[in-house]
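Peer 1: Sharing entry-v5.csv here; it has CSV, C-alpha atoms and all ligand atoms.
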chain,number,residue,atom,x,y,z
A,1,MET,CA,0.0,0.0,0.0
A,2,LEU,CA,2.8,2.4,0.8
A,3,GLY,CA,4.3,1.8,-2.6
A,4,ILE,CA,1.0,2.7,-4.3
A,5,LEU,CA,0.7,5.8,-2.1
A,6,SER,CA,4.2,6.8,-3.0
A,7,PHE,CA,3.5,6.3,-6.7
A,8,TRP,CA,0.3,8.4,-6.5
A,9,ASN,CA,2.0,11.2,-4.5
A,10,ASN,CA,4.8,11.4,-7.1
A,11,MET,CA,2.6,10.9,-10.2
A,12,PHE,CA,3.5,14.3,-11.5
A,13,HIS,CA,6.9,12.9,-12.5
A,14,THR,CA,5.3,10.9,-15.2
A,15,LEU,CA,2.4,13.4,-15.9
A,16,ASP,CA,4.6,16.4,-16.6
A,17,GLY,CA,7.1,15.1,-19.1
A,18,GLY,CA,9.3,13.3,-16.6
A,19,PRO,CA,10.9,9.9,-17.2
A,20,PRO,CA,8.6,6.9,-17.7
A,21,ALA,CA,8.9,3.9,-15.4
A,22,PRO,CA,12.4,2.5,-16.0
A,23,ASP,CA,11.2,-0.9,-17.2
A,24,ALA,CA,8.3,0.2,-19.2
A,25,PRO,CA,9.3,-1.0,-22.6
A,26,ASP,CA,6.0,-0.2,-24.1
A,27,ALA,CA,6.0,3.4,-23.0
A,28,PRO,CA,6.2,5.5,-26.1
A,29,GLY,CA,9.2,7.7,-26.7
A,30,THR,CA,7.5,11.0,-26.3
A,31,PRO,CA,4.2,10.4,-24.5
A,32,GLY,CA,5.2,9.5,-20.9
A,33,GLY,CA,8.8,10.2,-21.6
A,34,SER,CA,11.0,13.2,-21.2
A,35,ARG,CA,10.9,15.6,-24.1
A,36,THR,CA,14.4,16.9,-23.7
A,37,GLY,CA,17.3,17.3,-25.9
A,38,PRO,CA,21.0,16.9,-25.4
A,39,GLY,CA,22.9,19.4,-23.4
A,40,GLN,CA,20.0,20.5,-21.3
A,41,ASP,CA,20.3,21.0,-17.5
A,42,THR,CA,18.4,18.4,-15.4
A,43,ASP,CA,16.3,19.6,-12.5
A,44,MET,CA,17.2,17.1,-9.8
A,45,THR,CA,14.0,17.6,-7.9
A,46,THR,CA,11.8,16.6,-10.8
A,47,GLY,CA,14.0,14.7,-13.1
A,48,THR,CA,13.1,17.0,-15.9
A,49,THR,CA,15.1,19.7,-17.7
A,50,GLY,CA,14.4,23.4,-17.9
A,51,THR,CA,13.2,23.0,-21.5
A,52,ALA,CA,11.1,19.9,-21.1
A,53,THR,CA,7.5,20.4,-22.3
A,54,PRO,CA,4.3,19.1,-20.8
A,55,ASP,CA,3.5,15.5,-21.7
A,56,LEU,CA,-0.1,15.3,-22.8
A,57,THR,CA,-0.3,11.5,-23.0
A,58,LEU,CA,-2.9,11.2,-20.3
A,59,MET,CA,-4.9,14.3,-21.6
A,60,HIS,CA,-5.2,12.6,-25.0
A,61,ALA,CA,-6.0,9.2,-23.4
A,62,ALA,CA,-8.8,10.8,-21.4
A,63,HIS,CA,-10.2,12.4,-24.5
A,64,GLU,CA,-10.2,9.0,-26.2
A,65,ALA,CA,-12.0,7.6,-23.2
A,66,PHE,CA,-14.6,10.3,-23.3
A,67,ARG,CA,-15.3,9.7,-27.0
A,68,ARG,CA,-15.6,6.0,-26.4
A,69,ASP,CA,-18.1,6.4,-23.6
A,70,ALA,CA,-20.1,9.0,-25.4
A,71,GLU,CA,-20.3,6.7,-28.5
A,72,ARG,CA,-21.3,3.7,-26.4
A,73,LEU,CA,-24.0,5.7,-24.7
A,74,ARG,CA,-25.3,6.9,-28.0
A,75,ARG,CA,-25.4,3.4,-29.4
A,76,ALA,CA,-27.0,2.0,-26.3
A,77,ALA,CA,-29.8,4.5,-26.3
A,78,GLY,CA,-30.3,4.3,-30.0
A,79,SER,CA,-30.6,0.5,-30.1
A,80,GLY,CA,-32.4,0.2,-26.8
A,81,ARG,CA,-29.8,-2.3,-25.7
A,82,GLY,CA,-27.4,-1.3,-23.0
A,83,THR,CA,-23.6,-1.4,-23.5
A,84,ILE,CA,-22.8,0.8,-20.5
A,85,SER,CA,-24.1,0.6,-17.0
A,86,LEU,CA,-25.3,3.3,-14.6
A,87,GLU,CA,-21.9,2.8,-12.8
A,88,GLY,CA,-20.2,3.4,-16.2
A,89,TRP,CA,-22.2,6.6,-16.6
A,90,GLN,CA,-21.1,7.7,-13.1
A,91,VAL,CA,-17.5,7.1,-13.9
A,92,PHE,CA,-17.8,9.0,-17.2
A,93,ARG,CA,-19.6,11.9,-15.6
A,94,ARG,CA,-17.2,12.1,-12.6
A,95,PHE,CA,-14.0,12.1,-14.8
A,96,LEU,CA,-15.6,14.6,-17.3
A,97,ASP,CA,-16.5,17.0,-14.5
A,98,ILE,CA,-13.0,16.7,-13.0
A,99,HIS,CA,-11.4,17.2,-16.4
A,100,HIS,CA,-13.3,20.3,-17.3
A,101,ARG,CA,-13.2,21.9,-13.8
A,102,PHE,CA,-9.5,21.6,-13.6
A,103,GLU,CA,-8.9,22.8,-17.1
A,104,ASP,CA,-10.9,25.9,-16.3
A,105,GLU,CA,-9.2,26.5,-13.0
A,106,TYR,CA,-5.7,25.4,-13.6
A,107,LEU,CA,-4.9,25.2,-17.3
A,108,TRP,CA,-6.5,28.1,-19.2
A,109,PRO,CA,-5.9,30.8,-16.6
A,110,PRO,CA,-2.1,30.5,-16.5
A,111,LEU,CA,-2.0,30.0,-20.3
A,112,ARG,CA,-4.0,33.1,-21.0
A,113,PRO,CA,-1.3,35.7,-20.4
A,114,LEU,CA,1.3,33.7,-22.2
A,115,VAL,CA,-0.6,33.7,-25.5
A,116,ARG,CA,-1.6,37.4,-25.6
A,117,ASP,CA,0.5,38.0,-28.6
A,118,LEU,CA,-1.4,35.4,-30.7
A,119,PRO,CA,-4.5,36.8,-32.6
A,120,GLY,CA,-7.6,35.0,-31.5
A,121,ALA,CA,-6.0,33.0,-28.7
A,122,ALA,CA,-8.0,34.8,-25.9
A,123,LEU,CA,-11.3,34.2,-27.7
A,124,MET,CA,-10.3,30.6,-28.3
A,125,LEU,CA,-9.7,30.1,-24.5
A,126,ASP,CA,-13.0,31.8,-23.8
A,127,ALA,CA,-14.6,29.2,-26.1
A,128,MET,CA,-13.0,26.3,-24.2
A,129,GLU,CA,-14.8,27.4,-21.1
A,130,GLU,CA,-18.0,28.1,-22.9
A,131,GLU,CA,-18.0,24.7,-24.6
A,132,HIS,CA,-17.5,23.0,-21.2
A,133,GLN,CA,-20.5,25.0,-19.8
A,134,ARG,CA,-22.6,24.1,-22.9
A,135,LEU,CA,-22.4,20.4,-21.9
A,136,ASN,CA,-23.8,20.8,-18.4
A,137,PRO,CA,-27.5,21.1,-19.3
A,138,VAL,CA,-27.3,18.0,-21.6
A,139,LEU,CA,-25.5,16.0,-18.9
A,140,ASP,CA,-28.1,17.0,-16.3
A,141,ALA,CA,-31.0,16.2,-18.6
A,142,ILE,CA,-29.6,12.7,-19.2
A,143,GLU,CA,-28.9,12.2,-15.5
A,144,ALA,CA,-32.4,13.2,-14.5
A,145,ARG,CA,-33.8,10.5,-16.8
A,146,LEU,CA,-31.3,7.8,-15.8
A,147,TYR,CA,-32.1,8.3,-12.1
A,148,GLY,CA,-35.8,8.4,-12.7
A,149,HIS,CA,-36.3,12.1,-11.7
A,150,LEU,CA,-37.9,12.7,-15.2
A,151,ALA,CA,-40.0,10.1,-16.8
A,152,ASP,CA,-39.7,11.0,-20.5
A,153,THR,CA,-36.9,8.6,-21.3
A,154,GLY,CA,-37.9,8.7,-24.9
A,155,GLU,CA,-35.7,11.8,-25.1
A,156,LEU,CA,-32.6,9.8,-24.1
A,157,PRO,CA,-31.5,8.8,-27.7
A,158,GLY,CA,-31.6,12.5,-28.8
A,159,LEU,CA,-29.8,13.6,-25.6
A,160,PHE,CA,-27.1,11.0,-26.0
A,161,ASP,CA,-26.8,12.0,-29.6
A,162,GLU,CA,-26.4,15.7,-28.6
A,163,LEU,CA,-23.8,14.7,-25.9
A,164,ALA,CA,-21.6,12.8,-28.4
A,165,THR,CA,-21.8,15.6,-30.9
A,166,VAL,CA,-21.2,18.6,-28.6
A,167,LEU,CA,-18.5,16.7,-26.6
A,168,GLY,CA,-16.8,15.4,-29.8
A,169,GLY,CA,-16.8,19.0,-31.2
A,170,HIS,CA,-15.2,20.4,-28.1
A,171,LEU,CA,-12.5,17.7,-27.8
A,172,GLU,CA,-11.6,18.2,-31.5
A,173,HIS,CA,-11.4,22.0,-31.0
A,174,GLU,CA,-9.3,21.7,-27.9
A,175,GLU,CA,-6.9,19.3,-29.6
A,176,ARG,CA,-6.6,21.4,-32.7
A,177,GLU,CA,-6.2,24.9,-31.1
A,178,ALA,CA,-5.6,24.8,-27.3
A,179,LEU,CA,-3.4,21.8,-26.6
A,180,PRO,CA,-0.6,22.8,-29.1
A,181,LEU,CA,-0.4,26.1,-27.1
A,182,VAL,CA,-0.2,24.2,-23.8
A,183,GLU,CA,2.7,22.2,-25.2
A,184,GLN,CA,4.5,25.2,-26.7
A,185,ARG,CA,4.0,27.8,-24.0
A,186,LEU,CA,2.9,26.5,-20.6
A,187,PRO,CA,5.7,26.2,-18.1
A,188,LEU,CA,6.2,22.8,-16.5
A,189,ALA,CA,5.4,24.3,-13.1
A,190,ASP,CA,1.9,25.2,-14.3
A,191,TRP,CA,1.4,21.8,-15.8
A,192,LYS,CA,2.4,20.2,-12.5
A,193,ALA,CA,-0.1,22.3,-10.7
A,194,PHE,CA,-2.8,21.2,-13.1
A,195,SER,CA,-1.8,17.5,-12.7
A,196,ASP,CA,-1.3,17.7,-9.0
A,197,ALA,CA,-4.7,19.3,-8.4
A,198,GLN,CA,-6.5,16.5,-10.4
A,199,ARG,CA,-4.5,13.8,-8.6
A,200,LYS,CA,-5.5,15.2,-5.2
A,201,ALA,CA,-9.1,15.6,-6.2
A,202,MET,CA,-9.3,11.9,-7.4
A,203,GLY,CA,-7.3,10.4,-4.5
A,204,LEU,CA,-5.9,6.9,-4.6
A,205,SER,CA,-9.3,5.3,-5.1
A,206,GLY,CA,-9.6,7.6,-8.2
A,207,ALA,CA,-6.3,6.1,-9.6
A,208,ALA,CA,-7.8,2.6,-9.2
A,209,GLU,CA,-10.6,3.7,-11.4
A,210,PHE,CA,-8.9,6.2,-13.7
A,211,PHE,CA,-6.3,3.9,-15.3
A,212,PRO,CA,-8.8,1.0,-16.0
A,213,TRP,CA,-11.1,3.6,-17.5
A,214,LEU,CA,-8.3,5.0,-19.7
A,215,VAL,CA,-7.3,1.5,-21.1
A,216,ASP,CA,-10.9,0.2,-21.5
A,217,ALA,CA,-11.2,-1.1,-25.1
A,218,ARG,CA,-8.0,0.7,-26.3
A,219,PRO,CA,-5.8,-1.1,-28.8
A,220,GLN,CA,-3.0,-3.0,-27.1
A,221,PRO,CA,-0.2,-0.6,-28.0
A,222,ALA,CA,-2.1,2.3,-26.5
A,223,ALA,CA,-3.2,0.4,-23.4
A,224,ARG,CA,0.4,-0.8,-22.8
A,225,ALA,CA,1.7,2.8,-23.2
A,226,ILE,CA,-0.8,4.0,-20.6
A,227,ARG,CA,-0.1,1.2,-18.2
A,228,GLY,CA,3.6,1.8,-18.9
A,229,MET,CA,3.3,5.1,-17.0
A,230,LEU,CA,2.8,3.2,-13.8
A,231,PRO,CA,5.7,1.6,-11.9
A,232,PRO,CA,5.8,-2.2,-12.4
A,233,PRO,CA,4.2,-3.2,-9.0
A,234,VAL,CA,1.3,-0.8,-9.6
A,235,ARG,CA,1.0,-1.8,-13.2
A,236,ALA,CA,0.5,-5.4,-12.1
A,237,ILE,CA,-2.1,-4.4,-9.5
A,238,CYS,CA,-3.8,-2.4,-12.3
A,239,ARG,CA,-4.1,-5.4,-14.6
A,240,LEU,CA,-4.9,-8.0,-11.9
A,241,VAL,CA,-7.2,-6.1,-9.6
A,242,TRP,CA,-8.2,-2.7,-10.8
A,243,GLU,CA,-9.2,-3.6,-14.4
A,244,PRO,CA,-11.3,-6.7,-13.6
A,245,ARG,CA,-13.1,-4.7,-10.8
A,246,TYR,CA,-13.8,-1.8,-13.2
A,247,ALA,CA,-15.0,-4.3,-15.8
A,248,ARG,CA,-17.4,-5.9,-13.3
A,249,ARG,CA,-18.7,-2.5,-12.2
A,250,THR,CA,-19.3,-1.0,-15.6
A,251,THR,CA,-21.1,-4.0,-17.0
A,252,ARG,CA,-23.8,-4.1,-14.3
A,253,ARG,CA,-27.2,-2.6,-14.7
A,254,PRO,CA,-26.8,-1.6,-18.4
A,255,VAL,CA,-28.5,1.5,-19.6
A,256,GLY,CA,-31.5,0.8,-21.8
A,257,ALA,CA,-31.6,-2.9,-20.8
B,301,FE,FE,-9.1,18.2,-22.2
B,302,FE,FE,-11.8,20.7,-22.4
Is it possible to give me this structure as structure tokens?
Ligand SMILES: [Fe+2]
Ligand SMILES: [Fe+2]
Peer 2:
Amino acid sequence: MLGILSFWNNMFHTLDGGPPAPDAPDAPGTPGGSRTGPGQDTDMTTGTTGTATPDLTLMHAAHEAFRRDAERLRRAAGSGRGTISLEGWQVFRRFLDIHHRFEDEYLWPPLRPLVRDLPGAALMLDAMEEEHQRLNPVLDAIEARLYGHLADTGELPGLFDELATVLGGHLEHEEREALPLVEQRLPLADWKAFSDAQRKAMGLSGAAEFFPWLVDARPQPAARAIRGMLPPPVRAICRLVWEPRYARRTTRRPVGA
């Protein structure tokens, strides 16, 4: 347990562009690894160099997981046959809320003054926050029906359709315009603050859910790369304990069944 706590408390080393776990052969060269060049000074407290850039591996992995879940929900509601459970919905909603809240509080604010020289960048960051807000009524309308607070479940297919479309549009916009600026301009200290805040909000129990959620249905190379960001003992726990438990939870009580 102490090893897992230590890993989680030091997770920013792998989240921020620091070195991957030493025996993680499947970890990709840039995602999860240090983006540094020769002759750069190493910061001995973080294992990174002054010119290392934020590593967006887990950001992109989370986006893929959001797309996967939104598409599953859309299919489940459209066909009337469930492929995701209420627990699966709760996992999706929880990670989406955390993701958007911390982008709005810890990512866009420090980036904003650093891109003042770029035409349209301020409006683009405004749009990031507005697109997050635009999702909330759709999410709440779905939830009200899933929990039985509203009876008109006939609207669920249209709502899941809207969710997948609006969320997909936002993720694509963020990847095309905002994330390149994060990589190019955001100091590692700000990226660490963003990563640390999410880690603290999730807690250790969140890690036990977050990594299985990230690798769910991903092709093997991508899943191995994500698991490769964990130290070997935790990687084994993830495969043997966390992932089966997540699979059991998220296949119970399917939506639409
Ligand atoms: Fe994002
Ligand atoms: Fe976002």
Peer 1: So which one's closest to ligand FE 302 (chain B), A:Leu111, A:Met128, A:Ala197, A:Leu179? Using all atoms listed in the file, please.
Peer 2: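 Closest candidate: A:Met128.
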Peer 1: Hey, what's within 10 Å of Ala207 of chain A if we count only C-alpha atoms and toss same-chain stuff fewer than 3 positions away? As a PyMOL selection string, please?
Peer 2: chain A and resi 4+8+199+202-204+210-213+238+242
Peer 1: State, in Å with one decimal place, the distance from atom CA of Leu156 of chain A to atom CA of His170 of chain A.
Peer 2: 20.8 Å
Peer 1: I'd like the neighbourhood of Glu143 of chain A as a PyMOL selection string, where a residue qualifies if any of its atoms comes within 10 Å (using all atoms listed in the file), though same-chain residues fewer than 4 positions away should be ignored.
Peer 2: chain A and resi 86+89-90+93+137-139+147-150+156
Peer 1: List as a list in words the residues having at least one atom at most 10 Å from position (-34.6, 8.3, -23.3) as given in the file, counting all atoms listed in the file.
Peer 2: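 Here the neighbourhood of the point contains Ala77, Gly78, Gly80, Ala141, Ile142, Arg145, Leu146, Leu150, Ala151, Asp152, Thr153, Gly154, Glu155, Leu156, Pro157, Gly158, Leu159, Phe160, Val255 and Gly256 of chain A.
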Peer 1: Kindly provide, as a ChimeraX atom specification, all nucleotide and amino acid residues lying within 7 Å of ligand FE 301 (chain B), counting all atoms listed in the file.
Peer 2: /A:59,63,99-100,103,171,174
Peer 1: Enumerate, in order of chain and increasing residue number, the residues of chain A with an atom no farther than 12 Å from ligand FE 302 (chain B), each with its shortest atom pair and distance in Å to one decimal, counting all atoms listed in the file, as a tab-separated table.
Peer 2:
residue	atom	partner	partner_atom	distance
A:Met59	CA	B:FE302	FE	9.4
A:His60	CA	B:FE302	FE	10.8
A:Ala62	CA	B:FE302	FE	10.4
A:His63	CA	B:FE302	FE	8.7
A:Phe66	CA	B:FE302	FE	10.8
A:Phe95	CA	B:FE302	FE	11.7
A:Leu96	CA	B:FE302	FE	8.8
A:Asp97	CA	B:FE302	FE	9.9
A:Ile98	CA	B:FE302	FE	10.3
A:His99	CA	B:FE302	FE	7.0
A:His100	CA	B:FE302	FE	5.3
A:Arg101	CA	B:FE302	FE	8.8
A:Phe102	CA	B:FE302	FE	9.1
A:Glu103	CA	B:FE302	FE	6.4
A:Asp104	CA	B:FE302	FE	8.1
A:Glu105	CA	B:FE302	FE	11.3
A:Tyr106	CA	B:FE302	FE	11.7
A:Leu107	CA	B:FE302	FE	9.7
A:Trp108	CA	B:FE302	FE	9.6
A:Met124	CA	B:FE302	FE	11.6
A:Leu125	CA	B:FE302	FE	9.9
A:Asp126	CA	B:FE302	FE	11.3
A:Ala127	CA	B:FE302	FE	9.7
A:Met128	CA	B:FE302	FE	6.0
A:Glu129	CA	B:FE302	FE	7.5
A:Glu130	CA	B:FE302	FE	9.7
A:Glu131	CA	B:FE302	FE	7.7
A:His132	CA	B:FE302	FE	6.3
A:Gln133	CA	B:FE302	FE	10.0
A:Arg134	CA	B:FE302	FE	11.3
A:Leu135	CA	B:FE302	FE	10.6
A:Val166	CA	B:FE302	FE	11.5
A:Leu167	CA	B:FE302	FE	8.9
A:Gly168	CA	B:FE302	FE	10.4
A:Gly169	CA	B:FE302	FE	10.3
A:His170	CA	B:FE302	FE	6.6
A:Leu171	CA	B:FE302	FE	6.2
A:Glu172	CA	B:FE302	FE	9.4
A:His173	CA	B:FE302	FE	8.7
A:Glu174	CA	B:FE302	FE	6.1
A:Glu175	CA	B:FE302	FE	8.8
A:Arg176	CA	B:FE302	FE	11.6
A:Glu177	CA	B:FE302	FE	11.2
A:Ala178	CA	B:FE302	FE	8.9
A:Leu179	CA	B:FE302	FE	9.5
Peer 1: Could you name the residues that touch Leu186 of chain A at 8 Å or less, counting only C-alpha atoms, but leaving out those on the same chain fewer than 5 positions away, as a compact mmCIF listing (two decimals) with C-alpha atoms, in the frame of the given file?
Peer 2:
# COMPACT_ATOMS: atom_id res chain seq x y z
CA THR A 53 7.50 20.40 -22.30
CA PRO A 54 4.30 19.10 -20.80
CA PRO A 110 -2.10 30.50 -16.50
CA LEU A 111 -2.00 30.00 -20.30
CA LEU A 114 1.30 33.70 -22.20
CA LEU A 181 -0.40 26.10 -27.10
CA TRP A 191 1.40 21.80 -15.80
Peer 1: Can you measure atom CA of Leu56 of chain A to atom CA of Arg68 of chain A for me? One decimal in Å is fine.
Peer 2: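 Spanning atom CA of Leu56 of chain A to atom CA of Arg68 of chain A is a straight-line distance of 18.4 Å.
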Peer 1: Hey, can you check how far atom CA of Arg218 of chain A sits from atom CA of Asp190 of chain A?
Peer 2: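 We find that atom CA of Arg218 of chain A and atom CA of Asp190 of chain A lie 29.0 Å from each other.
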Peer 1: Which residue is closest to Ala222 of chain A? Choose from A:Val241, A:Gln184, A:Ala52, A:Ala61 and count all atoms listed in the file.
Peer 2: A:Ala61
